[in-house]
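Dropping final00.cif in here (mmCIF, C-alpha atoms):
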data_data
loop_
_atom_site.label_atom_id
_atom_site.label_comp_id
_atom_site.auth_asym_id
_atom_site.auth_seq_id
_atom_site.Cartn_x
_atom_site.Cartn_y
_atom_site.Cartn_z
CA MET A 30 5.77 -14.44 -23.76
CA SER A 31 3.38 -11.64 -24.49
CA GLY A 32 0.42 -10.81 -22.24
CA GLY A 33 -1.63 -9.97 -25.29
CA GLU A 34 -1.53 -7.62 -28.24
CA GLY A 35 -0.91 -4.17 -26.81
CA ASP A 36 -0.78 -5.16 -23.14
CA LEU A 37 1.93 -3.37 -21.18
CA ILE A 38 3.42 -4.93 -18.03
CA GLY A 39 5.59 -2.84 -15.76
CA LEU A 40 6.61 -1.49 -12.43
CA GLY A 41 6.02 1.47 -10.18
CA TRP A 42 9.04 3.76 -10.21
CA ARG A 43 10.68 4.15 -6.83
CA PRO A 44 14.10 5.75 -6.30
CA GLU A 45 15.25 2.52 -4.61
CA LEU A 46 14.43 0.61 -7.82
CA ALA A 47 15.74 3.18 -10.30
CA ALA A 48 19.02 1.46 -11.17
CA GLY A 49 17.35 -1.93 -11.57
CA ILE A 50 14.58 -0.52 -13.73
CA LEU A 51 16.99 1.35 -16.00
CA ALA A 52 19.08 -1.80 -16.38
CA HIS A 53 16.10 -3.93 -17.42
CA LEU A 54 14.01 -1.75 -19.72
CA ASP A 55 14.01 -4.64 -22.19
CA ARG A 56 11.74 -6.54 -19.75
CA ILE A 57 9.68 -3.62 -18.45
CA ASP A 58 7.07 -2.18 -20.82
CA VAL A 59 5.81 0.63 -18.64
CA VAL A 60 6.94 2.65 -15.64
CA GLU A 61 4.41 4.35 -13.37
CA VAL A 62 5.71 7.46 -11.60
CA ILE A 63 4.12 9.06 -8.53
CA ALA A 64 3.09 12.48 -9.81
CA ASP A 65 3.03 14.11 -6.37
CA ASP A 66 6.77 13.40 -6.00
CA LEU A 67 7.31 15.72 -8.97
CA PHE A 68 5.18 18.68 -7.90
CA ASP A 69 8.22 20.58 -6.61
CA ALA A 70 10.71 19.06 -9.02
CA PRO A 71 13.21 21.37 -10.72
CA LYS A 72 13.00 21.65 -14.49
CA ARG A 73 16.13 19.55 -15.00
CA GLU A 74 14.50 16.64 -13.18
CA LEU A 75 11.36 16.91 -15.30
CA ARG A 76 13.53 17.01 -18.43
CA ALA A 77 15.30 13.85 -17.28
CA LEU A 78 11.99 12.10 -16.78
CA ARG A 79 10.86 13.29 -20.20
CA THR A 80 13.97 11.62 -21.60
CA LEU A 81 13.04 8.42 -19.77
CA ALA A 82 9.57 8.66 -21.29
CA GLU A 83 11.17 8.54 -24.73
CA GLN A 84 12.71 5.15 -23.87
CA VAL A 85 9.82 3.47 -22.08
CA THR A 86 6.12 4.13 -21.70
CA VAL A 87 5.54 6.31 -18.64
CA THR A 88 2.29 6.82 -16.76
CA LEU A 89 1.71 9.24 -13.89
CA HIS A 90 -0.12 8.33 -10.71
CA GLY A 91 -1.55 10.85 -8.27
CA VAL A 92 -2.09 10.17 -4.60
CA GLY A 93 -3.20 13.47 -3.11
CA LEU A 94 -6.01 15.09 -5.07
CA GLY A 95 -8.85 13.52 -3.10
CA LEU A 96 -11.27 13.52 -6.02
CA ALA A 97 -13.95 11.33 -4.44
CA SER A 98 -15.46 13.94 -2.19
CA SER A 99 -18.57 16.04 -2.05
CA ALA A 100 -16.17 19.00 -1.60
CA PRO A 101 -14.39 20.64 -4.56
CA VAL A 102 -10.89 19.47 -5.40
CA ASP A 103 -8.08 21.89 -4.54
CA GLY A 104 -7.40 23.93 -7.69
CA ARG A 105 -3.75 24.56 -6.78
CA ARG A 106 -3.08 20.85 -6.61
CA LEU A 107 -4.73 20.38 -9.97
CA ASP A 108 -2.54 23.13 -11.42
CA ARG A 109 0.57 21.32 -10.17
CA MET A 110 -0.68 18.08 -11.68
CA ALA A 111 -1.25 19.90 -14.97
CA ARG A 112 2.32 21.24 -14.92
CA VAL A 113 3.78 17.76 -14.42
CA VAL A 114 1.55 16.14 -17.04
CA ASP A 115 2.47 18.88 -19.50
CA ALA A 116 6.19 18.39 -18.82
CA ILE A 117 6.23 14.60 -19.00
CA ARG A 118 3.46 13.92 -21.53
CA PRO A 119 2.70 10.46 -20.08
CA ARG A 120 0.64 7.75 -21.77
CA SER A 121 -2.04 8.41 -19.12
CA TRP A 122 -2.46 9.73 -15.62
CA SER A 123 -4.50 8.38 -12.76
CA GLU A 124 -5.82 9.25 -9.33
CA HIS A 125 -7.69 7.43 -6.58
CA LEU A 126 -11.38 7.41 -5.80
CA ALA A 127 -10.62 8.55 -2.28
CA PHE A 128 -10.95 11.52 -0.02
CA VAL A 129 -7.78 12.60 1.73
CA ARG A 130 -8.78 15.79 3.53
CA ALA A 131 -11.91 17.51 4.77
CA GLY A 132 -12.70 20.44 7.01
CA GLY A 133 -9.05 21.44 7.12
CA VAL A 134 -7.94 18.01 8.38
CA GLU A 135 -5.37 16.06 6.34
CA ILE A 136 -5.98 12.34 6.77
CA GLY A 137 -2.56 11.53 5.35
CA HIS A 138 -3.73 8.65 3.23
CA LEU A 139 -6.48 7.43 0.91
CA ALA A 140 -9.77 7.14 2.77
CA ALA A 141 -12.71 5.41 1.15
CA PRO A 142 -15.50 7.96 0.74
CA PRO A 143 -19.06 7.45 1.91
CA ARG A 144 -20.65 5.57 -0.98
CA ASN A 145 -23.73 7.64 -1.70
CA GLU A 146 -25.25 9.94 -4.29
CA ALA A 147 -23.46 13.05 -2.97
CA THR A 148 -20.01 11.56 -3.47
CA VAL A 149 -20.93 10.12 -6.89
CA HIS A 150 -21.83 13.61 -8.06
CA GLY A 151 -18.95 15.23 -6.16
CA ALA A 152 -16.46 12.86 -7.78
CA ALA A 153 -17.97 13.51 -11.22
CA ARG A 154 -17.67 17.29 -10.71
CA ASN A 155 -14.09 16.95 -9.51
CA LEU A 156 -13.18 14.69 -12.40
CA GLU A 157 -14.62 17.17 -14.87
CA ARG A 158 -12.56 19.93 -13.26
CA ALA A 159 -9.47 17.70 -13.43
CA ARG A 160 -10.08 17.02 -17.09
CA THR A 161 -10.49 20.71 -17.85
CA THR A 162 -7.41 21.79 -15.88
CA VAL A 163 -5.03 19.00 -16.85
CA GLY A 164 -6.27 18.57 -20.40
CA SER A 165 -7.19 14.90 -20.05
CA ALA A 166 -9.26 12.87 -17.62
CA PRO A 167 -7.46 10.63 -15.16
CA LEU A 168 -8.05 6.94 -14.89
CA VAL A 169 -9.70 6.43 -11.51
CA GLU A 170 -8.57 3.78 -9.05
CA ASN A 171 -10.65 1.81 -6.55
CA VAL A 172 -9.14 2.03 -3.06
CA ALA A 173 -8.61 -0.47 -0.28
CA THR A 174 -10.25 0.24 3.03
CA LEU A 175 -10.03 -1.25 6.51
CA ILE A 176 -13.30 0.39 7.55
CA ASP A 177 -16.68 -0.12 5.95
CA PRO A 178 -17.16 3.52 4.93
CA PRO A 179 -19.72 5.25 7.17
CA GLY A 180 -22.49 7.16 5.41
CA SER A 181 -22.76 4.61 2.60
CA ASP A 182 -26.07 3.50 1.12
CA ARG A 183 -24.74 1.32 -1.72
CA ASP A 184 -22.06 -1.30 -2.23
CA GLU A 185 -18.63 -0.60 -3.67
CA VAL A 186 -19.17 -1.88 -7.19
CA THR A 187 -22.45 0.02 -7.56
CA TRP A 188 -20.74 3.21 -6.41
CA VAL A 189 -17.71 2.72 -8.68
CA ALA A 190 -19.90 1.96 -11.70
CA GLU A 191 -22.00 5.07 -11.02
CA VAL A 192 -18.88 7.26 -10.83
CA LEU A 193 -17.63 5.82 -14.13
CA CYS A 194 -21.01 6.47 -15.74
CA ALA A 195 -21.38 10.00 -14.34
CA SER A 196 -17.82 11.09 -15.12
CA GLY A 197 -16.92 9.25 -18.30
CA ALA A 198 -13.59 8.30 -16.71
CA ASP A 199 -12.05 4.88 -17.21
CA LEU A 200 -11.00 2.56 -14.40
CA LEU A 201 -7.60 1.67 -13.05
CA LEU A 202 -8.63 -1.50 -11.25
CA ASP A 203 -6.37 -2.33 -8.34
CA LEU A 204 -6.72 -6.06 -7.95
CA HIS A 205 -5.17 -6.24 -4.50
CA ASN A 206 -7.49 -3.49 -3.27
CA LEU A 207 -10.38 -5.51 -4.68
CA HIS A 208 -9.07 -8.70 -3.05
CA ALA A 209 -8.54 -6.96 0.32
CA ASN A 210 -12.00 -5.36 0.37
CA ALA A 211 -13.65 -8.59 -0.73
CA THR A 212 -11.83 -10.46 2.04
CA ASN A 213 -12.53 -7.88 4.74
CA PHE A 214 -16.17 -7.26 3.88
CA ARG A 215 -17.06 -10.73 2.63
CA PHE A 216 -18.11 -10.25 -0.95
CA ASP A 217 -17.21 -12.17 -4.09
CA PRO A 218 -14.55 -10.29 -6.11
CA VAL A 219 -15.57 -12.11 -9.29
CA ALA A 220 -19.12 -10.80 -8.82
CA PHE A 221 -17.55 -7.33 -8.64
CA LEU A 222 -15.86 -8.04 -12.00
CA GLU A 223 -19.18 -9.20 -13.44
CA ARG A 224 -20.86 -5.92 -12.51
CA VAL A 225 -18.19 -3.34 -13.30
CA PRO A 226 -18.28 -2.38 -17.01
CA ALA A 227 -15.46 -4.41 -18.54
CA GLU A 228 -15.00 -2.02 -21.44
CA ARG A 229 -14.11 0.74 -18.97
CA ILE A 230 -11.19 -1.12 -17.38
CA ALA A 231 -8.02 0.41 -18.86
CA ALA A 232 -5.31 -0.46 -16.38
CA LEU A 233 -4.55 -2.72 -13.43
CA HIS A 234 -2.48 -2.55 -10.27
CA LEU A 235 -0.97 -5.56 -8.57
CA ALA A 236 0.38 -5.50 -5.02
CA GLY A 237 0.54 -7.41 -1.77
CA GLY A 238 -0.42 -6.91 1.83
CA LYS A 239 -0.60 -8.47 5.27
CA TRP A 240 -3.08 -9.34 7.98
CA VAL A 241 -3.56 -6.87 10.82
CA ALA A 242 -5.55 -7.38 14.03
CA GLY A 243 -7.93 -4.89 15.58
CA PRO A 244 -8.49 -4.25 19.29
CA GLY A 245 -11.06 -7.04 19.53
CA GLY A 246 -8.80 -9.50 17.70
CA GLU A 247 -10.69 -9.23 14.42
CA ARG A 248 -8.26 -9.60 11.53
CA ARG A 249 -8.36 -7.63 8.31
CA LEU A 250 -6.19 -7.60 5.22
CA LEU A 251 -4.09 -4.43 4.83
CA ASP A 252 -2.92 -3.34 1.39
CA ASP A 253 0.65 -2.31 2.22
CA HIS A 254 2.67 -2.77 -0.98
CA LEU A 255 5.38 -4.42 1.13
CA HIS A 256 4.68 -8.03 0.24
CA ASP A 257 4.60 -10.18 -2.86
CA VAL A 258 1.47 -10.42 -4.97
CA PRO A 259 -0.63 -13.27 -3.49
CA ASP A 260 -2.15 -16.07 -5.56
CA PRO A 261 -5.78 -14.79 -5.35
CA VAL A 262 -4.68 -11.58 -7.06
CA TYR A 263 -3.16 -13.55 -9.93
CA ALA A 264 -6.44 -15.46 -10.16
CA LEU A 265 -8.29 -12.14 -10.50
CA LEU A 266 -5.77 -11.03 -13.14
CA ARG A 267 -6.55 -14.13 -15.16
CA GLU A 268 -10.27 -13.42 -14.79
CA VAL A 269 -9.79 -9.83 -15.98
CA GLY A 270 -7.81 -11.09 -18.97
CA ARG A 271 -10.72 -13.34 -19.85
CA ARG A 272 -13.30 -10.56 -19.58
CA VAL A 273 -11.62 -7.39 -20.81
CA PRO A 274 -11.02 -7.16 -24.54
CA ARG A 275 -8.96 -3.96 -24.69
CA PRO A 276 -5.20 -3.75 -24.16
CA LEU A 277 -4.32 -3.27 -20.50
CA THR A 278 -1.53 -1.51 -18.68
CA VAL A 279 -0.54 -3.61 -15.67
CA VAL A 280 1.70 -2.15 -12.97
CA LEU A 281 3.24 -3.94 -9.99
CA GLU A 282 3.40 -1.61 -6.98
CA ARG A 283 6.09 -2.11 -4.36
CA ASP A 284 6.82 0.53 -1.74
CA GLY A 285 9.42 -1.11 0.48
CA ALA A 286 10.91 -4.38 1.80
CA TYR A 287 12.23 -4.63 -1.72
CA PRO A 288 13.15 -8.05 -3.04
CA SER A 289 15.88 -8.37 -5.65
CA MET A 290 15.19 -6.96 -9.10
CA GLY A 291 15.28 -10.56 -10.33
CA GLU A 292 12.37 -11.43 -8.08
CA LEU A 293 10.40 -8.38 -9.18
CA LEU A 294 11.02 -9.24 -12.83
CA ALA A 295 9.85 -12.79 -12.13
CA GLN A 296 6.60 -11.37 -10.74
CA LEU A 297 6.19 -9.29 -13.88
CA GLU A 298 6.71 -12.40 -16.01
CA ARG A 299 4.14 -14.29 -13.95
CA ALA A 300 1.70 -11.42 -14.44
CA ARG A 301 2.39 -11.42 -18.18
CA ALA A 302 1.82 -15.17 -18.41
CA THR A 303 -1.31 -15.04 -16.25
CA LEU A 304 -2.86 -12.27 -18.32
CA ALA A 305 -2.06 -14.26 -21.47
CA GLU A 306 -3.81 -17.31 -19.98
CA GLY A 307 -6.89 -15.21 -19.36
CA ARG A 308 -6.77 -13.79 -22.88
CA ALA A 309 -6.60 -17.31 -24.31
CA ALA A 310 -9.38 -18.76 -22.13
CA MET B 18 -25.26 14.21 3.14
CA SER B 19 -24.15 17.46 4.78
CA ALA B 20 -20.84 19.12 3.97
CA GLY B 21 -19.72 18.47 7.52
CA PHE B 22 -20.00 14.69 7.30
CA GLU B 23 -16.65 14.09 5.59
CA ALA B 24 -15.04 16.65 7.92
CA PHE B 25 -16.43 14.74 10.90
CA LEU B 26 -15.03 11.48 9.51
CA ALA B 27 -11.64 13.08 8.88
CA ARG B 28 -11.53 14.31 12.47
CA ILE B 29 -12.31 10.94 14.04
CA TYR B 30 -9.86 9.24 11.67
CA VAL B 31 -7.02 11.55 12.70
CA ASP B 32 -7.67 12.82 16.24
CA ALA B 33 -7.46 10.11 18.92
CA GLU B 34 -9.30 12.19 21.52
CA ALA B 35 -12.11 13.03 19.10
CA ARG B 36 -12.34 9.33 18.27
CA ARG B 37 -12.49 8.36 21.97
CA LEU B 38 -15.28 10.84 22.64
CA PHE B 39 -17.14 9.69 19.55
CA LEU B 40 -16.94 6.01 20.44
CA ALA B 41 -18.19 6.79 23.94
CA ASP B 42 -21.27 8.57 22.59
CA PRO B 43 -21.53 8.32 18.78
CA HIS B 44 -24.99 9.82 18.41
CA GLY B 45 -24.33 12.64 20.85
CA GLU B 46 -20.98 13.63 19.33
CA ALA B 47 -22.40 13.57 15.81
CA THR B 48 -25.37 15.69 16.86
CA ARG B 49 -23.16 18.20 18.68
CA ALA B 50 -21.06 18.44 15.47
CA GLY B 51 -24.18 19.58 13.60
CA LEU B 52 -24.78 16.41 11.60
CA THR B 53 -28.31 15.47 10.62
CA ARG B 54 -30.33 12.89 12.51
CA ASP B 55 -29.89 10.35 9.69
CA GLU B 56 -26.14 10.93 9.63
CA ALA B 57 -25.91 10.58 13.40
CA GLU B 58 -27.90 7.35 13.33
CA GLY B 59 -25.68 6.02 10.56
CA LEU B 60 -22.57 6.82 12.56
CA ALA B 61 -23.97 5.09 15.63
CA ALA B 62 -23.68 1.84 13.67
CA ILE B 63 -20.08 2.49 12.67
CA ASP B 64 -17.68 -0.36 12.00
CA ARG B 65 -15.73 0.07 15.27
CA ALA B 66 -12.98 -2.44 14.57
CA GLY B 67 -12.50 -0.90 11.14
CA LEU B 68 -12.36 2.60 12.59
CA GLU B 69 -9.53 1.70 14.95
CA LEU B 70 -7.61 -0.18 12.26
CA ALA B 71 -8.05 2.54 9.68
CA ALA B 72 -7.03 5.27 12.14
CA ARG B 73 -3.90 3.31 13.05
CA SER B 74 -3.07 2.78 9.38
CA TYR B 75 -3.51 6.48 8.54
CA GLU B 76 -1.34 7.46 11.52
CA ARG B 77 1.48 5.22 10.31
CA LYS B 78 1.22 6.69 6.83
CA ARG B 79 1.46 10.23 8.22
CA GLU B 80 4.47 9.28 10.35
CA ALA B 81 6.19 7.69 7.36
CA LYS B 82 5.93 10.79 5.23
CA ALA B 83 9.25 12.64 5.18
CA PRO B 84 9.28 16.44 5.33
CA ALA B 85 11.87 16.77 2.57
CA ARG B 86 10.98 16.34 -1.09
CA ARG B 87 11.66 12.81 -2.26
CA SER B 88 14.38 12.70 -4.90
CA PHE B 89 13.14 11.21 -8.11
CA TRP B 90 16.39 9.39 -8.91
CA ARG B 91 17.96 8.53 -5.57
CA ALA B 92 16.71 6.84 -2.44
CA ARG B 93 17.27 8.78 0.76
#
Could you render the structure from this file as structure tokens?
Amino acid sequence: MSGGEGDLIGLGWRPELAAGILAHLDRIDVVEVIADDLFDAPKRELRALRTLAEQVTVTLHGVGLGLASSAPVDGRRLDRMARVVDAIRPRSWSEHLAFVRAGGVEIGHLAAPPRNEATVHGAARNLERARTTVGSAPLVENVATLIDPPGSDRDEVTWVAEVLCASGADLLLDLHNLHANATNFRFDPVAFLERVPAERIAALHLAGGKWVAGPGGERRLLDDHLHDVPDPVYALLREVGRRVPRPLTVVLERDGAYPSMGELLAQLERARATLAEGRAA
Amino acid sequence: MSAGFEAFLARIYVDAEARRLFLADPHGEATRAGLTRDEAEGLAAIDRAGLELAARSYERKREAKAPARRSFWRAR
């Protein structure tokens, strides 16, 4: 079954999944590779990945640029991204709308930025610098957050839409991040889809997560990439298929607690079928 | 928003002692860090449960990161 004309359904490359992915390229349309893992890669490894890119569509995904900040992006990191993009020549590359360091402190993960005018303009400046350095603009991904970002004066969808408008970048919409934020901060994820410009959605991420409890017993949904894609995320995928006319690249992210390759392929087939349902609705 | 606001957030996300001092006196710590009155007032209303959960999540991510470069083809 096809998701739709031009839709690509695939998997995030992880070394633990390499053998299974290579053995099933007939059922995997696209492979998303973590770009930061390649920053120090020897040339022979980049050549090998280039060879893989001749057999299957490859996209690159950054995790460490920290573009959504009022501070300038680190030029050395952009140079390394440019080297990898030049070597692999992926279909597209992407990075998160997050800040990951400030004032010399490395947070170690993707923190949701304060949603205000300063970070809208900071992200737009950083995205322009990324486009100039790398030679193409990244798709930008919405991030999950366990904390309602301090310093915010607007809601998430308003902020994301403003960044898209100010930068010209397209959106990699992570549906589990959307589901987790909607659950944790009590908003309607479909209303988010109604307000984000549908024509700017170019790619999707699917993943799973788990509940975690805070010190006061309050539970929140953590996006951990260690669990199967839950039903509400498939429901959002169907909704996106109904709303977004352009071909989409859909990637399932799994970072550990790996199920069998058969189970992962079954999740890809469910995603393909669900997107097709949305397209047909 | 001042340039120091994100730096202040990064510090309380990462440094447990800075976070403890902040939660004991949010407005005072923010003011002593040179943040504006509006920023300090905003931080006084911080999502406390979210701060603890996010800090814990970031700490686990930092701990999980291996010092050696991750091989592209083979799991460690």
Can you list every residue of chain B that has an atom at most 10 Å from chain A, with its nearest atom pair and the distance in Å to one decimal, using all atoms listed in the file, ordered by chain then number, as CSV?
residue,atom,partner,partner_atom,distance
B:Met18,CA,A:Ala147,CA,6.5
B:Ser19,CA,A:Ser99,CA,8.9
B:Ala20,CA,A:Ser99,CA,7.1
B:Gly21,CA,A:Gly132,CA,7.3
B:Phe22,CA,A:Gly180,CA,8.2
B:Glu23,CA,A:Ala131,CA,5.9
B:Ala24,CA,A:Ala131,CA,4.5
B:Phe25,CA,A:Gly132,CA,7.8
B:Leu26,CA,A:Pro179,CA,8.1
B:Ala27,CA,A:Ala131,CA,6.0
B:Arg28,CA,A:Val134,CA,6.6
B:Ile29,CA,A:Ile136,CA,9.7
B:Tyr30,CA,A:Ile136,CA,7.0
B:Val31,CA,A:Ile136,CA,6.1
B:Asp32,CA,A:Val134,CA,9.4
B:Asp55,CA,A:Gly180,CA,9.1
B:Glu56,CA,A:Gly180,CA,6.7
B:Ala57,CA,A:Gly180,CA,9.3
B:Glu58,CA,A:Gly180,CA,9.6
B:Gly59,CA,A:Gly180,CA,6.2
B:Leu60,CA,A:Pro179,CA,6.3
B:Ala61,CA,A:Pro179,CA,9.5
B:Ala62,CA,A:Pro179,CA,8.3
B:Ile63,CA,A:Pro179,CA,6.2
B:Asp64,CA,A:Asp177,CA,6.1
B:Arg65,CA,A:Ile176,CA,8.1
B:Ala66,CA,A:Gly243,CA,5.7
B:Gly67,CA,A:Ile176,CA,3.9
B:Leu68,CA,A:Ile176,CA,5.6
B:Glu69,CA,A:Gly243,CA,6.8
B:Leu70,CA,A:Gly243,CA,5.8
B:Ala71,CA,A:Leu175,CA,5.3
B:Ala72,CA,A:Ile136,CA,8.9
B:Arg73,CA,A:Gly243,CA,9.5
B:Ser74,CA,A:His138,CA,8.5
B:Tyr75,CA,A:His138,CA,5.7
B:Glu76,CA,A:Gly137,CA,7.5
B:Arg77,CA,A:Gly137,CA,9.0
B:Lys78,CA,A:Gly137,CA,6.3
B:Arg79,CA,A:Gly137,CA,5.1
B:Glu80,CA,A:Gly137,CA,8.9
B:Ala81,CA,A:Gly137,CA,9.8
B:Lys82,CA,A:Gly137,CA,8.5
B:Arg86,CA,A:Asp66,CA,7.1
B:Arg87,CA,A:Asp66,CA,6.2
B:Ser88,CA,A:Pro44,CA,7.1
B:Phe89,CA,A:Pro44,CA,5.8
B:Trp90,CA,A:Pro44,CA,5.0
B:Arg91,CA,A:Pro44,CA,4.8
B:Ala92,CA,A:Pro44,CA,4.8
B:Arg93,CA,A:Pro44,CA,8.3
- prompt: Got a sec to resolve the PyMOL selection byres ((chain A and resi 275) around 10) on this structure and send the residues as a ChimeraX atom specification?
  reply: /A:33-36,227-232,270,272-274,276-278
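One distance worth recording is that between CA of Gly41 (chain A) and CA of His208 (chain A), which is 19.5 Å.
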CA of Gly285 (chain A) to CA of Val59 (chain A), straight-line distance in Å: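 Interatomic distance here is 19.5 Å.
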Q. How many Å lie between CA of Asp203 (chain A) and CA of Leu156 (chain A), rounded to one decimal?
A.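 Those two atoms sit 18.8 Å apart.
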* To do: With all atoms listed in the file counted, which protein, DNA or RNA residues have an atom no more than 7 Å from (2.1, -6.0, 1.1) in the file frame? Please answer as number ranges by chain.
  => A: 236-239, 252-257
Worksheet item: For this file, the PyMOL selection byres ((chain A and resi 64) around 10) selects which residues, as a list of chain:residue names?
Response: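 Written out, the selection comes to A:Glu61, A:Val62, A:Ile63, A:Asp65, A:Asp66, A:Leu67, A:Phe68, A:Thr88, A:Leu89, A:His90, A:Gly91, A:Val92, A:Gly93, A:Arg109, A:Met110, A:Val113, A:Val114, A:Ile117, A:Trp122, A:Ser123, A:Glu124.
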Once the PyMOL selection byres ((chain A and resi 220) around 12) has been evaluated on this model, what residues remain selected, and can you format them as a PyMOL selection string? chain A and resi 184-187+207-208+211+215-219+221-226+265+268-269
Need the shell around Pro261 (chain A): protein/DNA/RNA residues with any atom at most 10 Å away, counting all atoms listed in the file. Skip same-chain ones fewer than 2 positions apart. Format as a list in words?
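Final neighbour list, sorted by chain and number: Leu204, His205, His208, Pro218, Val258, Pro259, Tyr263, Ala264, Leu265, Leu266 and Arg267 of chain A.
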Restricting it to C-alpha atoms, dump the selection as an mmCIF file, in the coordinates of the input.
data_model
loop_
_atom_site.group_PDB
_atom_site.id
_atom_site.type_symbol
_atom_site.label_atom_id
_atom_site.label_comp_id
_atom_site.auth_asym_id
_atom_site.auth_seq_id
_atom_site.Cartn_x
_atom_site.Cartn_y
_atom_site.Cartn_z
ATOM 1 C CA LEU A 204 -6.720 -6.060 -7.950
ATOM 2 C CA HIS A 205 -5.170 -6.240 -4.500
ATOM 3 C CA HIS A 208 -9.070 -8.700 -3.050
ATOM 4 C CA PRO A 218 -14.550 -10.290 -6.110
ATOM 5 C CA VAL A 258 1.470 -10.420 -4.970
ATOM 6 C CA PRO A 259 -0.630 -13.270 -3.490
ATOM 7 C CA TYR A 263 -3.160 -13.550 -9.930
ATOM 8 C CA ALA A 264 -6.440 -15.460 -10.160
ATOM 9 C CA LEU A 265 -8.290 -12.140 -10.500
ATOM 10 C CA LEU A 266 -5.770 -11.030 -13.140
ATOM 11 C CA ARG A 267 -6.550 -14.130 -15.160
#
Using only C-alpha atoms, the best pick from A:His53, A:Gly39, A:Glu306, A:Gly95 as closest to Met290 (chain A) would be A:His53
Practice item. Name the residues within 12 Å of (-26.4, 13.3, 20.7), counting only C-alpha atoms in the file's coordinates, and put them as JSON, numbers by chain. Key: {"B": [38, 39, 40, 41, 42, 43, 44, 45, 46, 47, 48, 49, 50, 51, 52, 53, 54, 55, 56, 57, 58, 60, 61]}
Would you put the residues from that selection into a file with C-alpha atoms, as a PDB file, in the coordinates of the input?
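Listed below is the output, result_7.pdb:
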ATOM      1  CA  LEU B  38     -15.280  10.840  22.640  1.00  0.00           C
ATOM      2  CA  PHE B  39     -17.140   9.690  19.550  1.00  0.00           C
ATOM      3  CA  LEU B  40     -16.940   6.010  20.440  1.00  0.00           C
ATOM      4  CA  ALA B  41     -18.190   6.790  23.940  1.00  0.00           C
ATOM      5  CA  ASP B  42     -21.270   8.570  22.590  1.00  0.00           C
ATOM      6  CA  PRO B  43     -21.530   8.320  18.780  1.00  0.00           C
ATOM      7  CA  HIS B  44     -24.990   9.820  18.410  1.00  0.00           C
ATOM      8  CA  GLY B  45     -24.330  12.640  20.850  1.00  0.00           C
ATOM      9  CA  GLU B  46     -20.980  13.630  19.330  1.00  0.00           C
ATOM     10  CA  ALA B  47     -22.400  13.570  15.810  1.00  0.00           C
ATOM     11  CA  THR B  48     -25.370  15.690  16.860  1.00  0.00           C
ATOM     12  CA  ARG B  49     -23.160  18.200  18.680  1.00  0.00           C
ATOM     13  CA  ALA B  50     -21.060  18.440  15.470  1.00  0.00           C
ATOM     14  CA  GLY B  51     -24.180  19.580  13.600  1.00  0.00           C
ATOM     15  CA  LEU B  52     -24.780  16.410  11.600  1.00  0.00           C
ATOM     16  CA  THR B  53     -28.310  15.470  10.620  1.00  0.00           C
ATOM     17  CA  ARG B  54     -30.330  12.890  12.510  1.00  0.00           C
ATOM     18  CA  ASP B  55     -29.890  10.350   9.690  1.00  0.00           C
ATOM     19  CA  GLU B  56     -26.140  10.930   9.630  1.00  0.00           C
ATOM     20  CA  ALA B  57     -25.910  10.580  13.400  1.00  0.00           C
ATOM     21  CA  GLU B  58     -27.900   7.350  13.330  1.00  0.00           C
ATOM     22  CA  LEU B  60     -22.570   6.820  12.560  1.00  0.00           C
ATOM     23  CA  ALA B  61     -23.970   5.090  15.630  1.00  0.00           C
TER      24      ALA B  61
END
Could you complete region 258-267 of chain A so that it carries N, CA and C atoms, and give it back as an mmCIF file, in the coordinates of the input?
data_model
loop_
_atom_site.group_PDB
_atom_site.id
_atom_site.type_symbol
_atom_site.label_atom_id
_atom_site.label_comp_id
_atom_site.auth_asym_id
_atom_site.auth_seq_id
_atom_site.Cartn_x
_atom_site.Cartn_y
_atom_site.Cartn_z
ATOM 1 N N VAL A 258 2.843 -10.284 -4.488
ATOM 2 C CA VAL A 258 1.470 -10.420 -4.970
ATOM 3 C C VAL A 258 0.964 -11.826 -4.618
ATOM 4 N N PRO A 259 -0.147 -11.934 -3.888
ATOM 5 C CA PRO A 259 -0.630 -13.270 -3.490
ATOM 6 C C PRO A 259 -1.376 -13.967 -4.631
ATOM 7 N N ASP A 260 -1.511 -15.269 -4.505
ATOM 8 C CA ASP A 260 -2.150 -16.070 -5.560
ATOM 9 C C ASP A 260 -3.563 -15.595 -5.923
ATOM 10 N N PRO A 261 -4.417 -15.217 -4.941
ATOM 11 C CA PRO A 261 -5.780 -14.790 -5.350
ATOM 12 C C PRO A 261 -5.775 -13.579 -6.278
ATOM 13 N N VAL A 262 -4.740 -12.739 -6.169
ATOM 14 C CA VAL A 262 -4.680 -11.580 -7.060
ATOM 15 C C VAL A 262 -4.320 -12.023 -8.484
ATOM 16 N N TYR A 263 -3.430 -13.006 -8.594
ATOM 17 C CA TYR A 263 -3.160 -13.550 -9.930
ATOM 18 C C TYR A 263 -4.416 -14.201 -10.518
ATOM 19 N N ALA A 264 -5.196 -14.848 -9.664
ATOM 20 C CA ALA A 264 -6.440 -15.460 -10.160
ATOM 21 C C ALA A 264 -7.387 -14.386 -10.697
ATOM 22 N N LEU A 265 -7.440 -13.241 -10.008
ATOM 23 C CA LEU A 265 -8.290 -12.140 -10.500
ATOM 24 C C LEU A 265 -7.722 -11.566 -11.792
ATOM 25 N N LEU A 266 -6.393 -11.523 -11.901
ATOM 26 C CA LEU A 266 -5.770 -11.030 -13.140
ATOM 27 C C LEU A 266 -6.159 -11.916 -14.317
ATOM 28 N N ARG A 267 -6.149 -13.212 -14.090
ATOM 29 C CA ARG A 267 -6.550 -14.130 -15.160
ATOM 30 C C ARG A 267 -8.012 -13.877 -15.543
#
